[in-house]
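Colleague: Structure supplied as data-v2.tsv; contents: TSV, C-alpha atoms and all ligand atoms.
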chain	number	residue	atom	x	y	z
A	242	MET	CA	-6.68	7.53	-20.01
A	243	ASN	CA	-8.19	10.84	-21.11
A	244	SER	CA	-6.08	13.94	-21.68
A	245	ASN	CA	-7.24	15.73	-18.52
A	246	ARG	CA	-6.16	12.83	-16.42
A	247	ARG	CA	-2.85	12.54	-18.22
A	248	SER	CA	-2.14	16.19	-17.61
A	249	PHE	CA	-3.11	15.85	-13.95
A	250	LEU	CA	-0.67	12.98	-13.51
A	251	GLY	CA	2.03	14.80	-15.41
A	252	THR	CA	1.94	17.96	-13.35
A	253	ALA	CA	1.24	16.55	-9.90
A	254	GLY	CA	4.16	16.92	-7.50
A	255	ILE	CA	6.38	13.90	-7.05
A	256	ALA	CA	8.58	12.63	-4.27
A	257	THR	CA	9.52	14.29	-1.06
A	258	ALA	CA	13.17	15.16	-0.61
A	259	VAL	CA	13.55	13.29	2.65
A	260	PHE	CA	12.54	9.66	2.84
A	261	ALA	CA	10.65	8.64	5.91
A	262	ALA	CA	10.29	4.93	6.41
A	263	SER	CA	6.54	5.31	6.40
A	264	SER	CA	6.30	7.46	3.25
A	265	LEU	CA	6.43	6.28	-0.33
A	266	ASN	CA	6.33	7.99	-3.68
A	267	ALA	CA	2.59	8.11	-4.13
A	268	GLN	CA	-0.41	10.31	-4.79
A	269	ALA	CA	-4.15	9.84	-4.48
A	270	VAL	CA	-5.99	9.88	-7.80
A	271	PRO	CA	-9.63	9.39	-8.73
A	272	PRO	CA	-10.39	6.01	-10.30
A	273	GLU	CA	-10.36	5.82	-14.11
A	274	ASP	CA	-13.50	3.80	-14.48
A	275	LYS	CA	-16.96	4.23	-13.02
A	276	GLN	CA	-16.93	0.70	-11.67
A	277	SER	CA	-14.25	1.45	-9.06
A	278	ALA	CA	-15.13	2.38	-5.50
A	279	GLY	CA	-12.97	4.96	-3.74
A	280	ASN	CA	-9.79	6.79	-4.70
A	281	LEU	CA	-6.71	4.95	-5.89
A	282	THR	CA	-3.10	5.65	-5.05
A	283	LYS	CA	-0.80	6.05	-8.02
A	284	HIS	CA	2.47	4.50	-6.84
A	285	GLU	CA	5.58	5.67	-8.70
A	286	LEU	CA	9.26	4.82	-8.87
A	287	PRO	CA	11.19	7.03	-6.43
A	288	ASN	CA	14.30	8.84	-7.64
A	289	LEU	CA	17.50	6.88	-7.22
A	290	PRO	CA	19.77	9.16	-5.14
A	291	TYR	CA	22.94	8.16	-7.07
A	292	SER	CA	24.03	6.71	-10.43
A	293	TYR	CA	23.85	2.99	-11.27
A	294	LYS	CA	27.63	2.66	-10.97
A	295	ALA	CA	27.95	4.69	-7.77
A	296	LEU	CA	28.00	1.67	-5.46
A	297	GLU	CA	30.73	-0.19	-7.35
A	298	PRO	CA	32.71	-2.30	-6.73
A	299	HIS	CA	30.35	-3.58	-4.02
A	300	ILE	CA	27.19	-3.53	-6.15
A	301	ASP	CA	27.75	-3.45	-9.92
A	302	ALA	CA	26.06	-1.00	-12.29
A	303	GLN	CA	24.25	-3.64	-14.35
A	304	THR	CA	22.68	-5.19	-11.28
A	305	MET	CA	21.60	-1.76	-10.03
A	306	GLU	CA	20.04	-0.78	-13.34
A	307	ILE	CA	18.10	-4.01	-13.79
A	308	HIS	CA	17.08	-4.10	-10.14
A	309	TYR	CA	15.78	-0.55	-10.12
A	310	THR	CA	14.25	-0.22	-13.61
A	311	LYS	CA	12.87	-3.75	-13.96
A	312	HIS	CA	12.34	-5.42	-10.59
A	313	HIS	CA	11.27	-2.43	-8.51
A	314	LYS	CA	9.18	-1.10	-11.40
A	315	ALA	CA	7.40	-4.46	-11.66
A	316	TYR	CA	6.41	-4.31	-7.97
A	317	ILE	CA	4.99	-0.84	-8.47
A	318	ASP	CA	3.01	-1.95	-11.52
A	319	GLY	CA	1.82	-5.01	-9.61
A	320	LEU	CA	0.71	-2.94	-6.62
A	321	ASN	CA	-1.13	-0.39	-8.79
A	322	LYS	CA	-2.87	-3.24	-10.61
A	323	ALA	CA	-3.85	-5.09	-7.43
A	324	GLU	CA	-5.27	-1.98	-5.76
A	325	ALA	CA	-7.21	-1.06	-8.91
A	326	GLU	CA	-8.66	-4.57	-9.05
A	327	LEU	CA	-9.68	-4.40	-5.38
A	328	ALA	CA	-11.42	-1.07	-6.04
A	329	LYS	CA	-13.20	-2.60	-9.02
A	330	ALA	CA	-14.29	-5.53	-6.86
A	331	ARG	CA	-15.78	-3.11	-4.33
A	332	GLY	CA	-17.57	-1.22	-7.07
A	333	ALA	CA	-19.00	-4.38	-8.57
A	334	GLY	CA	-19.64	-6.09	-5.23
A	335	ASP	CA	-17.84	-9.11	-6.70
A	336	PHE	CA	-15.23	-10.51	-4.31
A	337	SER	CA	-14.67	-13.84	-6.08
A	338	MET	CA	-10.98	-12.91	-6.66
A	339	ILE	CA	-10.40	-11.30	-3.25
A	340	GLN	CA	-7.77	-13.78	-2.10
A	341	HIS	CA	-5.73	-13.44	-5.27
A	342	TRP	CA	-5.69	-9.63	-5.33
A	343	SER	CA	-5.17	-9.32	-1.57
A	344	LYS	CA	-2.09	-11.53	-1.87
A	345	GLN	CA	-0.87	-9.59	-4.90
A	346	ALA	CA	-1.28	-6.31	-3.03
A	347	ALA	CA	0.72	-7.62	-0.05
A	348	PHE	CA	3.53	-9.06	-2.19
A	349	HIS	CA	3.95	-6.08	-4.50
A	350	GLY	CA	3.29	-3.55	-1.75
A	351	GLY	CA	6.02	-5.16	0.33
A	352	GLY	CA	8.35	-5.05	-2.66
A	353	HIS	CA	7.69	-1.38	-3.33
A	354	PHE	CA	8.16	-0.36	0.31
A	355	LEU	CA	11.35	-2.34	0.88
A	356	HIS	CA	13.05	-1.33	-2.39
A	357	SER	CA	12.23	2.34	-1.74
A	358	LEU	CA	13.94	1.92	1.64
A	359	PHE	CA	16.84	-0.09	0.18
A	360	TRP	CA	17.95	2.57	-2.35
A	361	ARG	CA	17.76	5.27	0.28
A	362	ILE	CA	19.81	3.55	2.95
A	363	MET	CA	22.77	3.02	0.61
A	364	ALA	CA	25.41	5.50	-0.57
A	365	PRO	CA	28.78	5.26	-2.35
A	366	ALA	CA	31.50	3.80	-0.13
A	367	GLY	CA	33.41	6.57	1.64
A	368	LYS	CA	30.89	9.18	0.45
A	369	GLY	CA	28.13	8.60	2.95
A	370	GLY	CA	28.34	4.80	2.73
A	371	GLY	CA	30.13	2.47	5.13
A	372	GLY	CA	31.80	3.06	8.47
A	373	GLU	CA	29.75	2.91	11.63
A	374	PRO	CA	26.58	4.60	12.85
A	375	GLN	CA	26.88	7.76	14.91
A	376	GLY	CA	24.81	9.62	17.48
A	377	LYS	CA	21.43	8.33	18.64
A	378	LEU	CA	21.45	5.35	16.27
A	379	ALA	CA	24.84	4.19	17.54
A	380	ALA	CA	23.66	4.54	21.14
A	381	LYS	CA	20.43	2.65	20.44
A	382	ILE	CA	22.25	-0.21	18.71
A	383	LYS	CA	24.60	-0.53	21.69
A	384	GLU	CA	21.70	-0.42	24.12
A	385	ASP	CA	19.60	-3.04	22.30
A	386	PHE	CA	22.27	-5.40	20.93
A	387	GLY	CA	25.21	-4.96	23.31
A	388	SER	CA	27.60	-3.65	20.67
A	389	PHE	CA	27.75	-2.66	17.00
A	390	ASP	CA	29.79	-5.78	16.33
A	391	ALA	CA	27.19	-8.07	17.92
A	392	PHE	CA	24.42	-6.31	15.95
A	393	LYS	CA	26.32	-6.68	12.69
A	394	LYS	CA	26.96	-10.37	13.27
A	395	GLN	CA	23.30	-11.10	14.06
A	396	PHE	CA	22.08	-9.04	11.09
A	397	SER	CA	24.52	-10.72	8.67
A	398	ALA	CA	23.54	-14.16	9.98
A	399	ALA	CA	19.82	-13.38	9.66
A	400	ALA	CA	20.23	-12.07	6.10
A	401	GLY	CA	22.45	-14.99	5.12
A	402	ALA	CA	19.96	-17.54	6.46
A	403	VAL	CA	16.82	-16.22	4.76
A	404	GLU	CA	15.25	-19.26	3.16
A	405	GLY	CA	14.96	-18.65	-0.57
A	406	SER	CA	14.29	-15.05	-1.60
A	407	GLY	CA	13.84	-12.29	0.95
A	408	TRP	CA	15.39	-9.65	3.17
A	409	GLY	CA	17.41	-9.10	6.31
A	410	LEU	CA	15.80	-6.22	8.21
A	411	LEU	CA	16.41	-3.95	11.16
A	412	HIS	CA	13.12	-2.76	12.61
A	413	TYR	CA	12.12	-0.19	15.19
A	414	ARG	CA	9.34	-1.58	17.39
A	415	ALA	CA	7.43	1.31	18.89
A	416	SER	CA	5.61	-0.66	21.61
A	417	ASP	CA	8.77	-1.14	23.65
A	418	LYS	CA	10.88	1.45	21.83
A	419	ARG	CA	13.58	-0.95	20.73
A	420	LEU	CA	15.37	-2.21	17.65
A	421	ILE	CA	14.90	-5.80	16.52
A	422	ILE	CA	16.43	-7.79	13.68
A	423	GLY	CA	14.14	-9.83	11.47
A	424	GLN	CA	13.93	-11.68	8.21
A	425	ALA	CA	11.36	-11.40	5.47
A	426	GLU	CA	10.63	-14.14	2.98
A	427	ASN	CA	9.73	-12.83	-0.45
A	428	GLN	CA	8.75	-9.20	0.23
A	429	HIS	CA	6.36	-9.58	3.14
A	430	LYS	CA	6.23	-12.91	4.93
A	431	LEU	CA	7.48	-13.22	8.54
A	432	SER	CA	6.59	-9.58	9.18
A	433	SER	CA	6.27	-8.65	12.83
A	434	TRP	CA	3.31	-6.37	13.48
A	435	GLY	CA	4.08	-2.96	14.87
A	436	ALA	CA	7.72	-3.11	13.78
A	437	THR	CA	8.89	-0.75	11.03
A	438	PRO	CA	12.01	-1.44	8.94
A	439	ILE	CA	14.70	1.26	9.10
A	440	LEU	CA	17.44	-0.76	7.35
A	441	GLY	CA	17.24	-3.70	4.99
A	442	ILE	CA	19.31	-5.79	2.63
A	443	ASP	CA	17.72	-7.46	-0.36
A	444	VAL	CA	18.96	-11.05	-0.54
A	445	TRP	CA	16.94	-12.13	-3.58
A	446	GLU	CA	19.38	-13.56	-6.12
A	447	HIS	CA	18.49	-10.73	-8.51
A	448	ALA	CA	20.22	-8.38	-6.04
A	449	TYR	CA	23.64	-10.03	-6.31
A	450	TYR	CA	23.80	-12.95	-8.74
A	451	LEU	CA	25.57	-11.21	-11.66
A	452	LYS	CA	28.56	-10.30	-9.51
A	453	TYR	CA	28.51	-12.81	-6.64
A	454	GLN	CA	26.73	-15.81	-8.21
A	455	ASN	CA	25.76	-18.16	-5.35
A	456	LYS	CA	27.99	-16.45	-2.76
A	457	ARG	CA	25.37	-14.55	-0.77
A	458	ALA	CA	27.68	-14.20	2.24
A	459	ASP	CA	30.28	-12.32	0.14
A	460	TYR	CA	27.59	-9.93	-1.07
A	461	ILE	CA	26.42	-9.27	2.50
A	462	THR	CA	30.01	-8.61	3.63
A	463	ALA	CA	30.52	-6.15	0.75
A	464	TRP	CA	27.14	-4.46	1.32
A	465	TRP	CA	28.20	-3.08	4.71
A	466	ASN	CA	30.57	-0.78	2.77
A	467	VAL	CA	27.63	1.05	1.20
A	468	VAL	CA	25.23	1.35	4.14
A	469	ASN	CA	24.24	4.97	4.60
A	470	TRP	CA	24.11	5.19	8.40
A	471	GLY	CA	23.08	8.83	8.31
A	472	GLU	CA	19.88	7.89	6.48
A	473	VAL	CA	19.21	4.92	8.80
A	474	GLY	CA	19.62	7.30	11.74
A	475	LYS	CA	17.03	9.66	10.23
A	476	ASN	CA	14.60	6.75	9.81
A	477	LEU	CA	15.03	5.90	13.50
A	478	GLU	CA	14.80	9.46	14.80
A	479	GLY	CA	11.64	10.01	12.77
A	480	MET	CA	9.93	7.40	14.94
A	481	MET	CA	11.54	7.77	18.36
B	1	MN3	MN	14.93	-6.79	-5.14
Would you mind writing the structure in this file as structure tokens?
Ligand code: MN3

Modeller:
Amino acid sequence: MNSNRRSFLGTAGIATAVFAASSLNAQAVPPEDKQSAGNLTKHELPNLPYSYKALEPHIDAQTMEIHYTKHHKAYIDGLNKAEAELAKARGAGDFSMIQHWSKQAAFHGGGHFLHSLFWRIMAPAGKGGGGEPQGKLAAKIKEDFGSFDAFKKQFSAAAGAVEGSGWGLLHYRASDKRLIIGQAENQHKLSSWGATPILGIDVWEHAYYLKYQNKRADYITAWWNVVNWGEVGKNLEGMM
């Protein structure tokens, strides 16, 4: 990386204050090498809106720190790498590795998107986290699931039953303007086209194993205490 480019990256603005489900911490940058075709996006770790210990006792500080600085960071590095390799392939007209890098881009891109959402839709218990949704979100949940209780039970069951590593997700589906609950395996499989996540719980073991070991259901029960319904409501209202 030459010094001009380093200085460009260092001074470029980062992160919007308000998270929209469709926006990530990213900026377009010119490719570093002449072989690449088209601009690249430099994906970056978003700011964590609270300290590592802020979600205790429900999510412990060590898990938060490792999850954010190691796991999420690795997805960002993986996505940047995959997109750079795809640009190089275009430049060289060599698509012999297209399947590999396309899969890498989907896996790491899914990881970056969902973790960026995950941090944002949590807050310390009693200080923005926990309780029940209010306003339009509360009304929409009642309309689409019958009651908050019925929604919560379906969501917990879906998250608990994810096979292997993955996510429980609440999506807004624009085509019929309703909320649906889904699962994701890994970071991206089982996605439903046209549905955008507004709430999600990471049920990979790395999200809970240090504190809860194999007891995923206990982690899910505790997690409701740190859901930031105000932020979930903003994600919904941004799309309605
Ligand atoms: Mn994770």

Colleague: Please identify every polymer residue within 7 Å of ligand MN3 1 (chain B), using all atoms listed in the file, and present the set as a PDB file with C-alpha atoms, keeping the file's coordinate frame.

Modeller:
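Saved as out_26.pdb:
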ATOM      1  CA  HIS A 308      17.080  -4.100 -10.140  1.00  0.00           C
ATOM      2  CA  HIS A 312      12.340  -5.420 -10.590  1.00  0.00           C
ATOM      3  CA  HIS A 313      11.270  -2.430  -8.510  1.00  0.00           C
ATOM      4  CA  HIS A 356      13.050  -1.330  -2.390  1.00  0.00           C
ATOM      5  CA  ASP A 443      17.720  -7.460  -0.360  1.00  0.00           C
ATOM      6  CA  TRP A 445      16.940 -12.130  -3.580  1.00  0.00           C
ATOM      7  CA  HIS A 447      18.490 -10.730  -8.510  1.00  0.00           C
ATOM      8  CA  ALA A 448      20.220  -8.380  -6.040  1.00  0.00           C
TER       9      ALA A 448
END

Colleague: Neighbouring residues of region 400-409 of chain A were defined as those with any atom within 8 Å, considering only C-alpha atoms; residues of the same chain fewer than 4 positions away were excluded. Please report them as a VMD selection string.

Modeller: chain A and resid 396 422 to 428 441 to 446 457 to 458 461

Colleague: Of the candidates A:Glu297, A:Glu478, A:Asp274, A:Glu285, which one gets nearest to Gly376 (chain A) if we count all atoms listed in the file?

Modeller: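 Ranking A:Glu297, A:Glu478, A:Asp274, A:Glu285 by distance to Gly376 (chain A), first place goes to A:Glu478.
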
Colleague: What does the distance between CA of Pro290 (chain A) and CA of Ile362 (chain A) come to in Å, to one decimal place?

Modeller: 9.8 Å

Colleague: Kindly give the distance, in Å, that separates CA of Asn469 (chain A) and CA of Pro374 (chain A), rounded to a single decimal.

Modeller: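 Going from CA of Asn469 (chain A) over to CA of Pro374 (chain A), I get 8.6 Å.
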
Colleague: For a test of reading the model, state the distance in Å between CA of Lys311 (chain A) and CA of His353 (chain A), rounded to one decimal.

Modeller: 12.1 Å

Colleague: Smallest atom-to-atom distance to Gln345 (chain A): which of A:Ala295, A:Ala325, A:Leu358, A:Leu431, using all atoms listed in the file?

Modeller: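 Closest to Gln345 (chain A) of all the choices is A:Ala325.
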
Colleague: From the set A:Ile382, A:Leu320, A:Pro365, A:Lys394, which residue has the shortest atom-to-atom contact distance to Ala346 (chain A), counting all atoms listed in the file?

Modeller: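 The closest residue to Ala346 (chain A) is A:Leu320.
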
Colleague: For region 403-440 of chain A in the structure I just supplied, write out C-alpha atoms - as a PDB file, in the first residue's frame.

Modeller:
ATOM      1  CA  VAL A 403     -30.925 -24.030  13.995  1.00  0.00           C
ATOM      2  CA  GLU A 404     -28.970 -27.044  12.835  1.00  0.00           C
ATOM      3  CA  GLY A 405     -25.310 -26.515  13.701  1.00  0.00           C
ATOM      4  CA  SER A 406     -24.091 -22.919  13.525  1.00  0.00           C
ATOM      5  CA  GLY A 407     -26.358 -20.077  12.457  1.00  0.00           C
ATOM      6  CA  TRP A 408     -28.910 -17.449  13.386  1.00  0.00           C
ATOM      7  CA  GLY A 409     -32.499 -16.902  14.402  1.00  0.00           C
ATOM      8  CA  LEU A 410     -33.797 -13.920  12.425  1.00  0.00           C
ATOM      9  CA  LEU A 411     -36.773 -11.602  12.230  1.00  0.00           C
ATOM     10  CA  HIS A 412     -37.162 -10.256   8.709  1.00  0.00           C
ATOM     11  CA  TYR A 413     -39.293  -7.585   7.105  1.00  0.00           C
ATOM     12  CA  ARG A 414     -40.578  -8.813   3.739  1.00  0.00           C
ATOM     13  CA  ALA A 415     -41.405  -5.817   1.591  1.00  0.00           C
ATOM     14  CA  SER A 416     -43.477  -7.654  -1.037  1.00  0.00           C
ATOM     15  CA  ASP A 417     -46.377  -8.204   1.341  1.00  0.00           C
ATOM     16  CA  LYS A 418     -45.239  -5.741   4.009  1.00  0.00           C
ATOM     17  CA  ARG A 419     -45.022  -8.268   6.811  1.00  0.00           C
ATOM     18  CA  LEU A 420     -42.639  -9.668   9.381  1.00  0.00           C
ATOM     19  CA  ILE A 421     -41.456 -13.265   9.109  1.00  0.00           C
ATOM     20  CA  ILE A 422     -39.224 -15.379  11.331  1.00  0.00           C
ATOM     21  CA  GLY A 423     -36.461 -17.383   9.719  1.00  0.00           C
ATOM     22  CA  GLN A 424     -33.305 -19.305  10.404  1.00  0.00           C
ATOM     23  CA  ALA A 425     -29.915 -18.993   8.779  1.00  0.00           C
ATOM     24  CA  GLU A 426     -27.351 -21.756   8.710  1.00  0.00           C
ATOM     25  CA  ASN A 427     -23.794 -20.495   8.928  1.00  0.00           C
ATOM     26  CA  GLN A 428     -24.111 -16.816   7.951  1.00  0.00           C
ATOM     27  CA  HIS A 429     -26.177 -17.035   4.791  1.00  0.00           C
ATOM     28  CA  LYS A 430     -27.889 -20.310   3.986  1.00  0.00           C
ATOM     29  CA  LEU A 431     -31.708 -20.590   4.094  1.00  0.00           C
ATOM     30  CA  SER A 432     -32.014 -16.902   3.206  1.00  0.00           C
ATOM     31  CA  SER A 433     -35.390 -15.876   1.861  1.00  0.00           C
ATOM     32  CA  TRP A 434     -35.101 -13.468  -1.064  1.00  0.00           C
ATOM     33  CA  GLY A 435     -36.620 -10.051  -0.588  1.00  0.00           C
ATOM     34  CA  ALA A 436     -36.671 -10.366   3.197  1.00  0.00           C
ATOM     35  CA  THR A 437     -34.362  -8.120   5.235  1.00  0.00           C
ATOM     36  CA  PRO A 438     -33.305  -8.980   8.801  1.00  0.00           C
ATOM     37  CA  ILE A 439     -34.237  -6.388  11.442  1.00  0.00           C
ATOM     38  CA  LEU A 440     -33.409  -8.543  14.480  1.00  0.00           C
TER      39      LEU A 440
END
